[in-house]
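Structure, as structure tokens:
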Amino acid sequence: MNVYILLSELFVYALFLAFVVIEDPLAVAGYLLALFLGAIVYKKKFPLHVRSLSSLYADNIKQVGLTAVLLALTFPFVVNGDPYWLQVINFAMLHAIMAVGLNFMTGRAGLICLGYAAFEAVGAYTVGLLTLKLGVSFWLALPLSGVMACLFGIILGLPALRVKGHYLALVTIAFGLIVQELILNTESVTGGTNGLIDIPSPVIFGYDLGTAMDLGFVSMSYLANFYYLCLAVLIFSTVVLYKLSNSFLGLSLNAMREDQLAVQCYGMNLISYKLYAFAISAFFGGLAGGLYAAMINFIAPENFGYSLSIIIISMIILGGLDSIPGALLGAFALSIFPEKFRAFEDYRVLFYGLIIVLCLLFMREGLVPFKRRIFKAFPREAG
């Protein structure tokens, strides 16, 4: 194990825990400002060290991920099972699953989607209806929530094939509104405005995840169970999308994003690739919705409104389009920071809109910009 990677991740983890501990909004603002200024000074004073650390991370991506996961496993114990922070981080992980999913469609394929919350709604209602009304096991309902969202992604993709840019954005907004109206007007099935109540918690080997976690030496809220479940799904989503992004499919979507006419000239079927992007992206939105329904035990149409779609797209713009680490960072930042400034909760959507505008003006590539691939031609060996 590389010591520099371990120490640097431990340092970042310690900074995050310090951020969790601080409660006063003014102290939080001062802390964030100090971190921001410190990062700028460090980058200017030690540019070679920053580049070497960046290369070290890029060359040891598996170790970086494994170390991050091991540190993440300790979080419920470090905060002593604090239900508030477990809830906050659980929501951050659900947002992160949606962000990496949306990033595949918007960042990688260049297909703008402003109605992504609809896929989470489809996944949430799939799990809610299957487990509550049909008695299906959560462990079967969860993948089905992704599959159902995937089908809705294809349904959205079909009319969206003929439009692009601003017109595609309008189509996706309309799609989100249609799904919400569909839920509201099928009251006999979805509960309408009342939503679905008492959705059962997952049970694994006779252990109900809705009960407190008791390890003998420590007892924590049931949210600790969902913390590890959300973490497992987040790791699964990140690994799958990382593999897909670096596959031939991911490269083809990049090419399609850059120049659709050019890739058509090379014989690429744009219709198929667009549908792949819609379907795969929607699948992960559905998974996040399924987890949400099981964790909260209650879902209603207002949980999946247009503002949620704006929040998710803000996350990937802040983190960096087409950057999986950026999507994760943006999701955690925009999920956790507002919790420290709850006094300004009424201005939350305004805050997200401001972030989008500032990023588009001054930081178009986001916090963790996507690194373009450079392919080198190697001479063939003689013989």
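Residues in the structure tokens are named by chain (A, B, ... in the order shown) and by number from 1 within that chain; ligands are numbered from 1 in the order shown.
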Neighbour list for Ala141 (chain A) as a PyMOL selection string, cut-off 9 Å, only C-alpha atoms, skip fewer than 4 positions in-chain: chain A and resi 126-128+130-131+136-137+145-146+290
Write to file, as a CSV table (one decimal), in the first residue's frame, the residues of the selection just made, with N, CA and C atoms.
```
chain,number,residue,atom,x,y,z
A,126,THR,N,-41.9,1.6,-7.6
A,126,THR,CA,-41.8,0.2,-8.0
A,126,THR,C,-41.5,-0.6,-6.7
A,127,VAL,N,-40.5,-0.2,-5.9
A,127,VAL,CA,-40.2,-0.9,-4.6
A,127,VAL,C,-41.4,-0.8,-3.7
A,128,GLY,N,-42.0,0.5,-3.6
A,128,GLY,CA,-43.1,0.7,-2.7
A,128,GLY,C,-44.3,-0.3,-3.0
A,130,LEU,N,-44.4,-3.0,-5.0
A,130,LEU,CA,-44.1,-4.5,-5.0
A,130,LEU,C,-44.0,-5.0,-3.5
A,131,THR,N,-43.3,-4.2,-2.6
A,131,THR,CA,-43.1,-4.8,-1.3
A,131,THR,C,-44.4,-4.5,-0.4
A,136,VAL,N,-43.6,-8.7,-2.3
A,136,VAL,CA,-42.3,-9.1,-3.0
A,136,VAL,C,-41.2,-8.7,-2.1
A,137,SER,N,-40.2,-9.5,-2.1
A,137,SER,CA,-39.0,-9.3,-1.3
A,137,SER,C,-38.3,-8.0,-1.8
A,145,SER,N,-36.6,-2.2,-9.6
A,145,SER,CA,-36.8,-0.7,-9.6
A,145,SER,C,-35.9,-0.1,-10.7
A,146,GLY,N,-34.7,-0.6,-10.8
A,146,GLY,CA,-33.8,-0.2,-11.8
A,146,GLY,C,-34.2,-0.5,-13.2
A,290,GLY,N,-35.4,3.2,-5.3
A,290,GLY,CA,-35.8,2.0,-4.5
A,290,GLY,C,-35.2,2.1,-3.1
```
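Residues in contact with region 164-171 of chain A at up to 8 Å, not including ones fewer than 4 positions away on its chain and judged by only C-alpha atoms, are Leu111, Ile112, Cys113, Leu114, Ala160 and Phe175 of chain A.
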Expected answer as a PyMOL selection string: helix (DSSP H, G or I) residues in region 229-322 of chain A: chain A and resi 229-245+248-258+260-265+270-296+301-304+306-319
What's around Met148 (chain A) at 8 Å? Count only C-alpha atoms, leave out sequence neighbours fewer than 2 positions away in its own chain, and write the answer as a PDB file with N, CA and C atoms, in the first residue's frame.
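Resulting contents of result17.pdb:
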```
ATOM      1  N   VAL A 122     -39.923   6.591 -10.310  1.00  0.00           N
ATOM      2  CA  VAL A 122     -40.318   5.277 -10.844  1.00  0.00           C
ATOM      3  C   VAL A 122     -39.728   4.159  -9.981  1.00  0.00           C
ATOM      4  N   GLY A 123     -38.457   4.289  -9.620  1.00  0.00           N
ATOM      5  CA  GLY A 123     -37.822   3.270  -8.784  1.00  0.00           C
ATOM      6  C   GLY A 123     -38.448   3.196  -7.405  1.00  0.00           C
ATOM      7  N   THR A 126     -41.877   1.622  -7.642  1.00  0.00           N
ATOM      8  CA  THR A 126     -41.770   0.190  -7.956  1.00  0.00           C
ATOM      9  C   THR A 126     -41.511  -0.609  -6.690  1.00  0.00           C
ATOM     10  N   LEU A 144     -35.521  -4.690  -9.726  1.00  0.00           N
ATOM     11  CA  LEU A 144     -36.660  -4.416 -10.616  1.00  0.00           C
ATOM     12  C   LEU A 144     -36.945  -2.920 -10.694  1.00  0.00           C
ATOM     13  N   SER A 145     -36.640  -2.189  -9.602  1.00  0.00           N
ATOM     14  CA  SER A 145     -36.840  -0.733  -9.642  1.00  0.00           C
ATOM     15  C   SER A 145     -35.900  -0.107 -10.684  1.00  0.00           C
ATOM     16  N   GLY A 146     -34.683  -0.638 -10.759  1.00  0.00           N
ATOM     17  CA  GLY A 146     -33.753  -0.151 -11.782  1.00  0.00           C
ATOM     18  C   GLY A 146     -34.217  -0.520 -13.180  1.00  0.00           C
ATOM     19  N   CYS A 150     -35.302   1.863 -16.152  1.00  0.00           N
ATOM     20  CA  CYS A 150     -34.614   1.671 -17.435  1.00  0.00           C
ATOM     21  C   CYS A 150     -35.625   1.707 -18.588  1.00  0.00           C
ATOM     22  N   LEU A 151     -36.782   1.027 -18.396  1.00  0.00           N
ATOM     23  CA  LEU A 151     -37.824   1.024 -19.430  1.00  0.00           C
ATOM     24  C   LEU A 151     -38.360   2.444 -19.655  1.00  0.00           C
ATOM     25  N   PHE A 152     -38.555   3.181 -18.564  1.00  0.00           N
ATOM     26  CA  PHE A 152     -39.010   4.575 -18.700  1.00  0.00           C
ATOM     27  C   PHE A 152     -37.937   5.421 -19.395  1.00  0.00           C
ATOM     28  N   PHE A 283     -31.411   3.545 -15.075  1.00  0.00           N
ATOM     29  CA  PHE A 283     -31.327   2.385 -14.179  1.00  0.00           C
ATOM     30  C   PHE A 283     -30.820   2.795 -12.792  1.00  0.00           C
ATOM     31  N   GLY A 286     -33.300   4.760 -10.807  1.00  0.00           N
ATOM     32  CA  GLY A 286     -34.300   3.857 -10.235  1.00  0.00           C
ATOM     33  C   GLY A 286     -33.790   3.166  -8.974  1.00  0.00           C
TER      34      GLY A 286
END
```
Shell around Leu275 (chain A) at 8 Å using only C-alpha atoms, local window under 3 positions removed, as a PyMOL selection string: chain A and resi 153-154+157-158+271-272+278-279
Next, write the just-selected residues to a file, as a PDB file, in the first residue's frame, keeping C-alpha atoms as the atom set.
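After the write, selection-v2.pdb holds the following:
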```
ATOM      1  CA  GLY A 153     -35.590   5.789 -19.855  1.00  0.00           C
ATOM      2  CA  ILE A 154     -36.131   4.082 -23.205  1.00  0.00           C
ATOM      3  CA  GLY A 157     -35.311   8.293 -25.268  1.00  0.00           C
ATOM      4  CA  LEU A 158     -37.595   7.473 -28.208  1.00  0.00           C
ATOM      5  CA  ILE A 271     -30.303   5.784 -32.189  1.00  0.00           C
ATOM      6  CA  SER A 272     -28.961   2.716 -30.384  1.00  0.00           C
ATOM      7  CA  PHE A 278     -30.917   6.896 -21.504  1.00  0.00           C
ATOM      8  CA  ALA A 279     -31.515   3.343 -20.289  1.00  0.00           C
TER       9      ALA A 279
END
```
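If you count only C-alpha atoms and ignore residues fewer than 3 places along the chain from region 23-27 of chain A, what sits within 7 Å of it is Gly30, Tyr31, Lys340 and Phe341 of chain A.
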Quick one: write out the picked residues with C-alpha atoms as a short mmCIF file (atom, residue, chain, number, x, y, z; two decimals), in the first residue's frame?
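Heads up, here's the output in selection_36.cif:
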```cif
data_model
loop_
_atom_site.label_atom_id
_atom_site.label_comp_id
_atom_site.auth_asym_id
_atom_site.auth_seq_id
_atom_site.Cartn_x
_atom_site.Cartn_y
_atom_site.Cartn_z
CA GLY A 30 -14.73 30.54 8.17
CA TYR A 31 -13.61 26.92 8.01
CA LYS A 340 -24.68 23.52 7.90
CA PHE A 341 -26.66 26.53 6.69
#
```
How close does region 255-320 of chain A get to region 242-249 of chain A? List, as a Markdown table, each residue of region 255-320 of chain A within 12 Å, its nearest atom pair and the distance in Å to one decimal, counting only C-alpha atoms.
```
| residue | atom | partner | partner_atom | distance |
| --- | --- | --- | --- | --- |
| A:Ala255 | CA | A:Leu249 | CA | 9.8 |
| A:Met256 | CA | A:Leu249 | CA | 10.4 |
| A:Met268 | CA | A:Leu249 | CA | 11.0 |
| A:Asn269 | CA | A:Leu249 | CA | 11.7 |
| A:Leu270 | CA | A:Leu249 | CA | 11.7 |
| A:Ser272 | CA | A:Leu249 | CA | 10.7 |
| A:Tyr273 | CA | A:Leu249 | CA | 7.9 |
| A:Lys274 | CA | A:Leu249 | CA | 10.7 |
| A:Leu275 | CA | A:Leu249 | CA | 11.9 |
| A:Tyr276 | CA | A:Leu249 | CA | 8.8 |
| A:Ala277 | CA | A:Leu249 | CA | 9.3 |
| A:Ile280 | CA | A:Leu244 | CA | 9.7 |
| A:Ser281 | CA | A:Leu244 | CA | 11.2 |
```
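The neighbours of region 317-324 of chain A here are the residues that come within 6 Å of it, using only C-alpha atoms and leaving out any residue fewer than 3 positions away in the same chain; they are A:Asn103, A:Gly107, A:Arg108, A:Ser314, A:Ala327, A:Leu329, A:Gly330, A:Glu365, A:Gly366, A:Leu367, A:Val368, A:Pro369, A:Phe370.
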Preceding selection exported with C-alpha atoms as a compact mmCIF listing (two decimals), in the first residue's frame:
```
# COMPACT_ATOMS: atom_id res chain seq x y z
CA ASN A 103 -23.34 12.00 -15.46
CA GLY A 107 -21.62 14.27 -19.11
CA ARG A 108 -20.53 11.30 -21.21
CA SER A 314 -26.06 21.12 -10.20
CA ALA A 327 -19.94 13.76 -9.70
CA LEU A 329 -17.61 15.18 -4.91
CA GLY A 330 -20.37 17.47 -6.20
CA GLU A 365 -14.82 22.18 -16.11
CA GLY A 366 -15.87 21.84 -12.45
CA LEU A 367 -13.95 20.93 -9.30
CA VAL A 368 -12.52 17.70 -10.74
CA PRO A 369 -12.30 18.20 -14.51
CA PHE A 370 -12.51 15.21 -16.81
```
DSSP strand (DSSP E or B) selection over region 123-252 of chain A, as a ChimeraX atom specification: /A:196-197,203-204,207-208,213-214,219-220
Nearest to Ala293 (chain A) by atom-to-atom distance, counting only C-alpha atoms, from A:Ser55, A:Ser219, A:Ser201, A:Ser237: A:Ser201
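The protein and nucleic acid residues lying at most 9 Å from region 71-74 of chain A are Glu9, Leu10, Tyr13, Leu66, Thr67, Val78, Val79, Tyr228 and Leu231 of chain A, with only C-alpha atoms considered and sequence neighbours fewer than 4 positions away removed.
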